[in-house]
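Scroll down for the structure; my scribbles are underneath it.
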Amino acid sequence: MEETPNGWQEKVRLKRKAQSQAIAIAANEDFRELDLSVVDIDDISTLARRIASGELSSEAVTKAYIHKAIAAHNQTNCLTEILFQDALAQARELDEYRAKHGIVIGPLHGIPVTVKDQFNIRGYDTTLGYVGRTFNPATEDAVLVDMLKNLGAIVLAKTNLPQSIMWCETENPLWGLTTSPFCDDYTPAGSTGGEAALLSLHGSLLGWGTDLGGSIRMPAHATGLYGLKPSSSRLPYHGAPVSTEGQEHVPSSVGPLARNLPSLILAVKELIQMGPWQRDARCAPIPWKEEIFQDFRSKPLTIGLLTDDGVVRPHPPIKRVLLSLVEKLHAAGHDIVEWNADLHPECIQVLDDFYTADGGEDIRRDVLAGGEPFIPHVEALINRGQPISVYEYWQINRRKVALQQAYLRKWNETKSPKTGKQVDAVLMPPMPHTAVPHRSSRWVGYTKVWNVLDYSALVIPAGKVASVDSNEPWNYVPRNALDEWNAALWTENKEKMIELGLPVGVQVVGRKLEEEKVLAIGAVVDELLRGPAYA
């Protein structure tokens with residue numbers, strides 16, 4: 001048995017060396033005869049049809065994506081564990097199966113996917129950005145990974161995340177800092193930031209992450225992708241370790257990221273139709289509800305609009321893009337109802353209290369086990385408070401349940417003045433800003449309120465920062481220190497943000513376990529932004 005190295009720096013050196021060697025082996029492949037244009041096919045169904053017809057082989061597609069993934073990693077430092085040789089072997093097996101049987105094994109046959117370095121894959125480490133979790137490979141695949149393989153997907157690699165997962169940027173002492181696809185000085189957000197950077201640069205076609213406070217939605221927003229946070233019991237989590245594991249007060253959710261919405265819808269639908277509740281005890285036994293999906297795609301909608309959470313004022317491009325979409329919704333015959341941020345501060349406080357209920361012991365143990373330094377935000381998090389008693393913990397849970405009930409009542413009682421209809425979904429920003437310079441993110445209140453409520457939420461790319469935004473008046477008196485920080489972010493960086501044309505997303509929120517409704521309303525929104533793509 002190979003001896004485990006001593007010292008955190010030595011472990012980091014050996015892990016990075018192994019990664020470099022795995023990349024180098026694949027980089028030496030001959031790509032001269034390869035059709036690299038396949039990586040520009042953003043739609044899973046389109047690529048799957050071309051593979052199923054025999055026009056493209058799974059091996060050729062996999063090689064093209066490996067080539068692009070290496071380029072994306074060289075640009076952004078987005079990869080962790082490299083599975084390229086396994087992926088090529090799986091692709092050849094898929095090609096042999098199709099040649100022998102004349103059919104594909106599933107709807108994702110030959111589709112390249114990647115996962116956040118949180119999902120177990122047999123034979124590879126799952127580090128969560130901790131040095132102490134290196135050289136301890138998983139003995140079996142996460143349920144999600146196994147289900148994806150059964151659908152025919154080919155897993156290329158794992159992607160980077162912040163130390164502990166518990167932050168909205170992507171940095172750790174083990175793998176280093178992941179940068180934005182748009183600028184080395186900017187963050188792709190987090191915690192699913194490596195996945196977002198890779199997908200944005202066409203190094204994967206479908207990515208998988210987790211979301212405990214916005215960790216799928218914020219990177220999707222920052223890199224121009226689609227990202228879904230389902231309710232926590234809809235998709236399988238078993239086999240995905242997480243910081244503060246064992247707490248179920250605000251469970252993390254598994255969800256996908258993609259470059260177009262039909263791909264994201266297809267992935268969610270196919271997984272649910274496989275019955276994840278038969279593989280993961282946490283999953284609710286709820287089949288895919290096609291009738292609900294079709295109904296909300298085809299009828300006039302009542303949309304609650306929240307432009308500002310009252311804590312941190314959104315930057316001009318965030319508000320402009322959101323209001324431009326509202327005009328399109330109005331013109332298409334949809335009803336817009338004012339939504340407010342009542343109960344949001346209380347929900348956010350509950351989540352913050354839960355984050356530190358153990359006094360930071362769980363994260364502290366993992367970091368001390370490896371011996372590496374804390375990244376600054378993680379250190380601040382674990383030192384925020386002392387551990388609380390079981391009784392005090394129960395009181396936070398009581399507050400959470402009361403807030404969930406109060407928000408349910410709020411939703412039920414908010415109705416259109418025109419029609420008297422209840423709101424179908426809430427439309428709002430995912431963050432008060434776009435991608436920002438490294439280590440300058442602070443406020444995630446626009447996303448994490450929905451984790452406390454365990455609601456379904458989808459981010460859709462809706463526009464870009466533009467020169468017109470520099471003319472917008474920005475002379476407000478700051479509401480608080482966070483608002484002052486956010487105002488300075490825009491004042492000091494707006495010219496660069498305009499030059500980069502940074503993506504701007506919008507967030508569509510439904511209630512608990514309303515994934516079909518949220519995805520359908522997302523399709524309506526996406527068609528208004530980009531034209532029909534769902535016929």
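Residues in the structure tokens are numbered from 1 in each chain, the chains being A, B, ... in the order shown, and ligands are numbered from 1 in the order shown.
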Using only C-alpha atoms, which residues sit within 9 Å of Thr179 of chain A once same-chain residues fewer than 2 positions away are excluded, as an mmCIF file with C-alpha atoms, in the first residue's frame?
```cif
data_model
loop_
_atom_site.group_PDB
_atom_site.id
_atom_site.type_symbol
_atom_site.label_atom_id
_atom_site.label_comp_id
_atom_site.auth_asym_id
_atom_site.auth_seq_id
_atom_site.Cartn_x
_atom_site.Cartn_y
_atom_site.Cartn_z
ATOM 1 C CA GLN A 75 -7.098 29.651 -18.277
ATOM 2 C CA THR A 76 -9.054 29.471 -15.005
ATOM 3 C CA ASN A 77 -7.656 26.675 -12.788
ATOM 4 C CA CYS A 78 -11.082 25.025 -12.632
ATOM 5 C CA THR A 170 -13.699 29.491 -5.279
ATOM 6 C CA LEU A 177 -7.783 30.070 -6.841
ATOM 7 C CA PRO A 181 -13.636 33.005 -17.700
ATOM 8 C CA PHE A 182 -14.002 36.725 -18.437
ATOM 9 C CA CYS A 183 -11.025 38.081 -16.469
ATOM 10 C CA ASP A 184 -8.265 36.597 -14.318
ATOM 11 C CA ASP A 185 -8.807 39.303 -11.705
ATOM 12 C CA TYR A 186 -12.481 38.404 -11.218
ATOM 13 C CA THR A 187 -14.174 35.502 -9.449
ATOM 14 C CA PRO A 188 -16.564 33.000 -11.055
ATOM 15 C CA ALA A 189 -18.364 33.083 -7.671
ATOM 16 C CA GLY A 193 -17.234 28.089 -9.243
ATOM 17 C CA GLY A 194 -14.938 25.588 -10.931
ATOM 18 C CA ALA A 197 -15.870 28.398 -15.242
ATOM 19 C CA HIS A 438 -11.472 38.254 -6.109
#
```
Judged by only C-alpha atoms, the minimum distance to Ala22 of chain A among A:Thr419, A:Gln85, A:Ser37, A:Asn136 is found for A:Gln85
Can you tell me which residues surround Val113 of chain A at a distance of at most 10 Å, considering only C-alpha atoms, apart from same-chain residues fewer than 5 positions away, and format the answer as a PyMOL selection string?
chain A and resi 62+65+87+108+145+148-149+153-158+195+199+203-208+258
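The shortest atom-to-atom distance to Ser252 of chain A, with only C-alpha atoms taken into account, belongs to A:Lys448 out of A:Arg479, A:Arg313, A:Lys448, A:Arg409.
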Name the residues of segment 70-307 of chain A that fall into alpha helix (DSSP H) according to DSSP on the backbone, using the chain letters and numbers of this document, as a PyMOL selection string.
chain A and resi 70-76+84-101+143-150+193-200+217-223+261-273+290-297
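Using only C-alpha atoms for every distance, the candidate list A:Val449, A:Ala466, A:Leu305, A:Val242 yields A:Val449 as the residue closest to Pro345 of chain A.
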Those of segment 331-460 of chain A in DSSP strand (DSSP E), formatted as a compact mmCIF listing (two decimals) with N, CA, C and O atoms, in the first residue's frame:
```txt
# COMPACT_ATOMS: atom_id res chain seq x y z
N ASP A 335 -48.93 39.06 -15.99
CA ASP A 335 -49.28 40.02 -14.95
C ASP A 335 -48.13 40.13 -13.94
O ASP A 335 -47.64 39.11 -13.44
N ILE A 336 -47.70 41.35 -13.66
CA ILE A 336 -46.60 41.58 -12.73
C ILE A 336 -47.15 42.19 -11.45
O ILE A 336 -47.85 43.21 -11.47
N VAL A 337 -46.82 41.58 -10.34
CA VAL A 337 -47.31 41.99 -9.03
C VAL A 337 -46.10 42.37 -8.16
O VAL A 337 -45.08 41.69 -8.17
N GLU A 338 -46.21 43.44 -7.42
CA GLU A 338 -45.12 43.85 -6.54
C GLU A 338 -44.92 42.83 -5.42
O GLU A 338 -45.88 42.40 -4.78
N ALA A 425 -44.76 32.67 -9.44
CA ALA A 425 -43.33 32.65 -9.14
C ALA A 425 -42.87 34.07 -8.83
O ALA A 425 -43.53 35.05 -9.19
N VAL A 426 -41.73 34.16 -8.16
CA VAL A 426 -41.11 35.45 -7.86
C VAL A 426 -39.91 35.63 -8.79
O VAL A 426 -39.13 34.70 -9.01
N LEU A 427 -39.79 36.84 -9.34
CA LEU A 427 -38.68 37.19 -10.22
C LEU A 427 -37.83 38.23 -9.50
O LEU A 427 -38.36 39.26 -9.04
N MET A 428 -36.51 38.01 -9.45
CA MET A 428 -35.64 38.90 -8.67
C MET A 428 -34.19 38.71 -9.09
O MET A 428 -33.87 37.79 -9.84
N ALA A 457 -35.49 27.26 -7.09
CA ALA A 457 -35.04 28.53 -7.66
C ALA A 457 -34.13 28.27 -8.85
O ALA A 457 -33.26 27.40 -8.81
N LEU A 458 -34.33 29.07 -9.89
CA LEU A 458 -33.61 28.91 -11.16
C LEU A 458 -32.98 30.24 -11.56
O LEU A 458 -33.63 31.29 -11.48
N VAL A 459 -31.72 30.20 -11.99
CA VAL A 459 -31.06 31.39 -12.54
C VAL A 459 -30.95 31.24 -14.05
O VAL A 459 -30.57 30.19 -14.56
N ILE A 460 -31.29 32.34 -14.76
CA ILE A 460 -31.26 32.39 -16.21
C ILE A 460 -30.42 33.58 -16.65
O ILE A 460 -30.61 34.69 -16.13
```
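With only C-alpha atoms as the atoms that count, the residue of A:Cys168, A:Ile348, A:Ile66, A:Leu271 with the shortest distance to Val311 of chain A is A:Ile348.
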